[in-house]
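One structure is given here, and the rest of the page talks about it.
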Amino acid sequence: RKGPPRKGRESYIPPLVKYFGYSGFREYQKEVIEKILLKRDCLVVMATGSGKSLCYQVPPLVVRKTGIVISPLIALMQDQVMSLKQRGIRAEFLGSAQMNPTVQPKAESGQFDILFMTPEKACLMPTSFWSNLLELGISMFAVDEAHCISEWGHDFRVEYKQLDRLRDILLDVPFVGLTATATAKVRTDIISSLKMKDPFVAIGSFDRRNLFYGVKSFSRGQSFINELVREISKLVPSSGSTIIYCTTIRDVEQIFRSLQETGIKVGIYHGQMDNKAREESHRLFIRDELHVMVATIAFGMGIDKPNIRQVIHYGCPKSLESYYQESGRCGRDGIASVCWLYYTRSDFAKAEFYCGESQTENQRRAVMDSLMAAQHYCLATTCRRKFLLDHFGEKYSADKCGNCDNCIVSKKERDMSREAFLLMACIQSCRGRWGLNMPIDILRGSRSKKISEAQFDKLPLHGLGKGYSSNWWKALATQLISYGYLMQTVSDIYVTVSVSPKGQQYLSSARPDYQPPLVLPVSSEMLD
Ligand code: ADP
Ligand code: ZN
């Protein structure tokens with residue numbers, strides 16, 4: 001059935017049924033495919049597992065011209081090529097791992113429906129390759145994981161940045177960016193980096209209703225791990241697989257050993273293992289021969305496994321974008337699944353560490369902002385789902401989702417007017433030049449050198465807050481920030497805290513012996 005594409009609107013229905021056996025489209029798939037067929041540039045922002053790939057799989061089959069798909073990882077391309085071939089689609093990949101010398105000439109003569117390429121390879125191709133292929137026709141140029149192009153993304157890759165050169169060669173070809181990272185900055189960055197012209201932008205919902213979100217504070221170490229191992233051994237293997245993400249390789253190894261000792265079928269995956277060992281681990285996990293995977297975030301893209309029931313974060317991730325992606329690997333089959341995040345306060349002080357590779361001031365600022373958002377998520381006392389969706393710029397109509405820790409545990413509330421007054425007044429006395437530690441140390445009556453040098457020990461407030469731990473005061477500060485009484489300003493790597501206009505108003509209606517009621521939720525850290 002060669003020849004020009006069928007006219008009429010429904011030309012994409014035959015491939016959908018013939019090759020994929022799907023009965024209909026999911027949200028936005030049809031619209032995006034239609035726009036690509038009309039040669040319009042598209043930006044597709046949809047959650048992991050929502051079916052972005054179909055958007056670039058169908059157009060080449062409709063117009064019967066090669067579609068190019070840029071993808072960051074060889075392993076990811078290999079998986080896709082395999083599953084497309086099984087459906088009878090002519091797919092191949094070009095990249096450093098391609099050992100078959102016939103692939104490139106075949107690609108050049110238009111013999112593939114879908115050709116995957118690494119960004120490096122695409123940029124290194126001779127102009128003649130592109131001009132030959134262009135003569136035969138290129139149905140689309142898709143860039144998967146397109147957030148890698150943005151410095152504001154959580155996974156910036158220099159090679160992606162160079163793809164804009166191809167825009168000038170592939171003038172009439174529609175460019176399609178696909179990503180699961182939704183922040184506005186990243187979105188506009190993709191559009192400008194790929195020099196898209198009036199793109200059709202499809203932003204799907206990021207609400208993963210079948211995922212439960214929960215957060216707890218914890219102390220890193222063997223006794224916590226023992227407890228975790230006990231919990232996990234109750235769950236596996238009957239109820240699907242688990243991924244445990246750690247922030248360091250040391251943590252990965254420690255948890256891996258503990259799970260192994262109990263006889264659980266557990267795998268390990270991190271950046272310092274050689275490729276072969278990593279691939280083996282990945283393969284066994286995908287095939288259900290391992291029930292638990294303990295990994296750093298190196299275990300990432302391309303984990304298209306439907307039955308992951310649980311993703312645990314042992315330590316706070318560096319951004320909400322990465323948290324959303326990592327936790328989003330569970331429950332792809334739509335069945336109820338669980339995401340737990342365990343954090344300690346020291347996780348929040350890792351900005352310097354994450355800034356390590358950043359070169360520009362923008363990159364440093366992006367790292368700081370990201371970590372701050374993750375911190376706020378951990379400390380939030382309101383609905384986690386709403387918090388996440390807000391972060392991605394999506395309106396969540398209800399206040400409670402009923403499927404996160406904060407929604408199902410009814411938090412106690414109490415009047416904290418006295419404590420809130422002390423903290424705000426003390427922060428006011430510090431004149432917004434400090435973070436939280438200084439005012440809290442003052443309230444707790446510290447006589448450190450810093451405090452006496454600034455004569456803060458002479459303040460009438462000095463020592464009035466001895467009754468509570470420093471963590472308790474920090475938890476209160478978090479509440480006051482989230483309710484708008486205090487505000488934080490980030491400069492360089494310092495965060496200063498000051499009293500907001502709303503807080504000023506409260507202070508002005510309060511006196512040392514009387515404060516208007518201020519009822520706040522009691523967060524778990526206030527119970528410690
Ligand atoms: P993403 O790239 O957005 O993470 P995928 O493209 O890998 O998501 O799709 C996730 C799953 O949904 C795949 O198993 C795919 O086969 C399935 N899928 C996609 N589109 C449809 C559809 N229209 N009908 C049924 N299943 C679909
Ligand atoms: Zn909720």
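Identifiers in this document derive from the order of the structure tokens: chains are assigned A, B, ..., residues are numbered from 1 separately in each chain, and ligands are numbered from 1 in order of occurrence.
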- Message: At a cut-off of 6 Å around ligand 1, and using only C-alpha atoms and all ligand atoms, what residues come up? Please write them as a ChimeraX atom specification.
- Response: /A:22,24-26,47-54
- Using only C-alpha atoms and all ligand atoms, find each residue with an atom at most 9 Å away from ligand 2 and format the answer as a ChimeraX atom specification. /A:212-213,382-387,399-408
For the selection just defined, write its residues with C-alpha atoms to a file, as a PDB file, in the first residue's frame.
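Wrote it out as again_35.pdb, contents follow:
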ATOM      1  CA  PHE A 212       0.019   7.480  46.907  1.00  0.00           C
ATOM      2  CA  TYR A 213       2.531  10.133  48.011  1.00  0.00           C
ATOM      3  CA  THR A 382      -0.931  20.330  52.877  1.00  0.00           C
ATOM      4  CA  CYS A 383      -1.914  17.872  50.142  1.00  0.00           C
ATOM      5  CA  ARG A 384       1.227  16.473  48.434  1.00  0.00           C
ATOM      6  CA  ARG A 385      -0.512  15.955  45.110  1.00  0.00           C
ATOM      7  CA  LYS A 386      -1.763  19.507  45.027  1.00  0.00           C
ATOM      8  CA  PHE A 387       1.715  20.694  45.931  1.00  0.00           C
ATOM      9  CA  ASP A 399      -7.774  21.015  48.424  1.00  0.00           C
ATOM     10  CA  LYS A 400      -7.380  17.379  49.343  1.00  0.00           C
ATOM     11  CA  CYS A 401      -6.749  14.339  47.163  1.00  0.00           C
ATOM     12  CA  GLY A 402      -7.425  11.692  49.770  1.00  0.00           C
ATOM     13  CA  ASN A 403      -4.434   9.697  48.549  1.00  0.00           C
ATOM     14  CA  CYS A 404      -1.408  11.211  50.280  1.00  0.00           C
ATOM     15  CA  ASP A 405      -0.121  11.129  53.831  1.00  0.00           C
ATOM     16  CA  ASN A 406      -1.268  14.656  54.597  1.00  0.00           C
ATOM     17  CA  CYS A 407      -4.779  13.995  53.339  1.00  0.00           C
ATOM     18  CA  ILE A 408      -5.404  10.722  55.103  1.00  0.00           C
TER      19      ILE A 408
END
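Closest to Ser193 in chain A among A:Leu527, A:Ile264, A:Leu171, A:Ile149 is A:Ile149, based on only C-alpha atoms.
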- Item | Residue neighbourhood range 228-234 of chain A, 8 Å, only C-alpha atoms, exclusion window fewer than 2 positions, as JSON, numbers by chain | {"A": [224, 225, 226, 236, 258, 259, 264]}
Limited to N, CA and C atoms, could you put the picked residues into a file as a PDB file, in the first residue's frame?
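Below you can see again-v8.pdb, which holds the result:
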ATOM      1  N   PHE A 224      17.541   2.237  60.824  1.00  0.00           N
ATOM      2  CA  PHE A 224      16.446   2.559  59.909  1.00  0.00           C
ATOM      3  C   PHE A 224      16.386   1.534  58.779  1.00  0.00           C
ATOM      4  N   ILE A 225      17.558   1.180  58.262  1.00  0.00           N
ATOM      5  CA  ILE A 225      17.606   0.218  57.156  1.00  0.00           C
ATOM      6  C   ILE A 225      16.989  -1.117  57.572  1.00  0.00           C
ATOM      7  N   ASN A 226      17.315  -1.556  58.785  1.00  0.00           N
ATOM      8  CA  ASN A 226      16.741  -2.826  59.265  1.00  0.00           C
ATOM      9  C   ASN A 226      15.227  -2.781  59.241  1.00  0.00           C
ATOM     10  N   VAL A 236       7.422  -8.056  49.178  1.00  0.00           N
ATOM     11  CA  VAL A 236       7.854  -8.784  47.979  1.00  0.00           C
ATOM     12  C   VAL A 236       7.839 -10.277  48.244  1.00  0.00           C
ATOM     13  N   SER A 258      22.115  -5.272  53.113  1.00  0.00           N
ATOM     14  CA  SER A 258      21.132  -5.661  54.125  1.00  0.00           C
ATOM     15  C   SER A 258      19.979  -6.449  53.523  1.00  0.00           C
ATOM     16  N   LEU A 259      19.546  -6.056  52.348  1.00  0.00           N
ATOM     17  CA  LEU A 259      18.443  -6.781  51.701  1.00  0.00           C
ATOM     18  C   LEU A 259      18.914  -8.159  51.252  1.00  0.00           C
ATOM     19  N   ILE A 264      16.223 -11.644  49.998  1.00  0.00           N
ATOM     20  CA  ILE A 264      15.370 -11.001  49.003  1.00  0.00           C
ATOM     21  C   ILE A 264      16.139 -10.929  47.680  1.00  0.00           C
TER      22      ILE A 264
END
- Task: May I ask which of the residues A:Tyr506, A:Phe299, A:Tyr314, A:Trp130 is the closest one to Arg167 in chain A, counting only C-alpha atoms?
- Result: A:Trp130
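Between Val44 in chain A and the residues A:Lys121, A:Arg87, A:Lys450, A:His147, the shortest atom-to-atom distance, using only C-alpha atoms, involves A:His147.
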Contacts of Leu94 in chain A within 8 Å, only C-alpha atoms, excl. fewer than 6 positions in-chain, as a PDB file with N, CA and C atoms, in the first residue's frame:
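Generated file (out32.pdb):
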ATOM      1  N   VAL A 103      23.501  -0.392   8.496  1.00  0.00           N
ATOM      2  CA  VAL A 103      22.385   0.427   8.967  1.00  0.00           C
ATOM      3  C   VAL A 103      22.426   1.834   8.371  1.00  0.00           C
ATOM      4  N   GLN A 104      23.621   2.427   8.383  1.00  0.00           N
ATOM      5  CA  GLN A 104      23.690   3.812   7.908  1.00  0.00           C
ATOM      6  C   GLN A 104      23.310   3.971   6.426  1.00  0.00           C
ATOM      7  N   LEU A 115      13.954   6.007  12.650  1.00  0.00           N
ATOM      8  CA  LEU A 115      15.393   5.905  12.874  1.00  0.00           C
ATOM      9  C   LEU A 115      15.753   6.667  14.144  1.00  0.00           C
ATOM     10  N   PHE A 116      16.209   5.935  15.156  1.00  0.00           N
ATOM     11  CA  PHE A 116      16.629   6.576  16.399  1.00  0.00           C
ATOM     12  C   PHE A 116      18.094   6.984  16.274  1.00  0.00           C
ATOM     13  N   MET A 117      18.430   8.101  16.869  1.00  0.00           N
ATOM     14  CA  MET A 117      19.819   8.563  16.853  1.00  0.00           C
ATOM     15  C   MET A 117      20.155   9.235  18.180  1.00  0.00           C
ATOM     16  N   THR A 118      21.401   9.075  18.598  1.00  0.00           N
ATOM     17  CA  THR A 118      21.846   9.878  19.732  1.00  0.00           C
ATOM     18  C   THR A 118      22.075  11.297  19.219  1.00  0.00           C
ATOM     19  N   LYS A 121      25.431  11.631  17.424  1.00  0.00           N
ATOM     20  CA  LYS A 121      25.462  11.023  16.092  1.00  0.00           C
ATOM     21  C   LYS A 121      24.754  11.932  15.086  1.00  0.00           C
TER      22      LYS A 121
END
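The spacing separating CA of Gln254 in chain A from CA of Asn307 in chain A amounts to 25.4 Å.
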- Task: Looking only at alpha helix (DSSP H) from DSSP on the backbone, list the matching residues of range 409-524 of chain A as number ranges by chain.
- Result: A: 417-429, 437-443, 449-453, 470-482, 501-508, 524
Within 12 Å of range 274-287 of chain A, which residues of range 57-95 of chain A come that close, and what is the closest atom pair and distance in Å for each? Count only C-alpha atoms and give it as CSV.
residue,atom,partner,partner_atom,distance
A:Ile74,CA,A:Glu279,CA,11.2
A:Ala75,CA,A:Glu279,CA,8.3
A:Leu76,CA,A:Glu279,CA,11.2
A:Gln78,CA,A:Glu279,CA,11.9
A:Asp79,CA,A:Arg283,CA,10.7
Can I get the selection written as a short mmCIF file (atom, residue, chain, number, x, y, z; two decimals), in the first residue's frame, with C-alpha atoms?
data_model
loop_
_atom_site.label_atom_id
_atom_site.label_comp_id
_atom_site.auth_asym_id
_atom_site.auth_seq_id
_atom_site.Cartn_x
_atom_site.Cartn_y
_atom_site.Cartn_z
CA ILE A 74 21.52 3.70 23.67
CA ALA A 75 19.79 1.22 25.98
CA LEU A 76 16.56 3.16 25.63
CA GLN A 78 17.59 -0.56 21.72
CA ASP A 79 14.49 -1.39 23.77
#
- Query: Leaving out range 457-469 of chain A and any residue of its chain fewer than 4 positions from it, which residues lie within 7 Å of it when counting only C-alpha atoms, given as a list in words?
  - Reply: Cys426, Ile442, Leu443, Arg444, Gly445, Arg447, Ile451, Ser452 and Trp473 of chain A
Writing out the chosen residues with C-alpha atoms as an mmCIF file, in the first residue's frame:
data_model
loop_
_atom_site.group_PDB
_atom_site.id
_atom_site.type_symbol
_atom_site.label_atom_id
_atom_site.label_comp_id
_atom_site.auth_asym_id
_atom_site.auth_seq_id
_atom_site.Cartn_x
_atom_site.Cartn_y
_atom_site.Cartn_z
ATOM 1 C CA CYS A 426 12.995 37.620 66.872
ATOM 2 C CA ILE A 442 18.685 33.569 70.166
ATOM 3 C CA LEU A 443 15.303 32.241 71.283
ATOM 4 C CA ARG A 444 16.967 29.158 72.742
ATOM 5 C CA GLY A 445 19.342 31.349 74.744
ATOM 6 C CA ARG A 447 25.648 32.580 74.129
ATOM 7 C CA ILE A 451 25.469 36.162 69.289
ATOM 8 C CA SER A 452 27.384 38.149 71.878
ATOM 9 C CA TRP A 473 11.359 25.912 65.845
#
Show which residues sit within 8 Å of Ser417 in chain A, as a PDB file with N, CA and C atoms, in the first residue's frame. Count only C-alpha atoms, and ignore same-chain residues fewer than 6 positions away.
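Final file, around_24.pdb:
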ATOM      1  N   GLN A 515      -1.385  37.901  72.291  1.00  0.00           N
ATOM      2  CA  GLN A 515      -1.270  37.679  70.852  1.00  0.00           C
ATOM      3  C   GLN A 515      -2.599  37.153  70.321  1.00  0.00           C
ATOM      4  N   PRO A 516      -3.035  37.690  69.163  1.00  0.00           N
ATOM      5  CA  PRO A 516      -4.265  37.159  68.569  1.00  0.00           C
ATOM      6  C   PRO A 516      -4.074  35.677  68.216  1.00  0.00           C
ATOM      7  N   PRO A 517      -5.152  34.898  68.256  1.00  0.00           N
ATOM      8  CA  PRO A 517      -5.019  33.466  67.986  1.00  0.00           C
ATOM      9  C   PRO A 517      -4.393  33.194  66.614  1.00  0.00           C
ATOM     10  N   LEU A 518      -3.553  32.177  66.546  1.00  0.00           N
ATOM     11  CA  LEU A 518      -2.948  31.776  65.275  1.00  0.00           C
ATOM     12  C   LEU A 518      -2.875  30.248  65.303  1.00  0.00           C
ATOM     13  N   VAL A 519      -3.863  29.619  64.660  1.00  0.00           N
ATOM     14  CA  VAL A 519      -3.969  28.160  64.708  1.00  0.00           C
ATOM     15  C   VAL A 519      -3.230  27.562  63.523  1.00  0.00           C
TER      16      VAL A 519
END
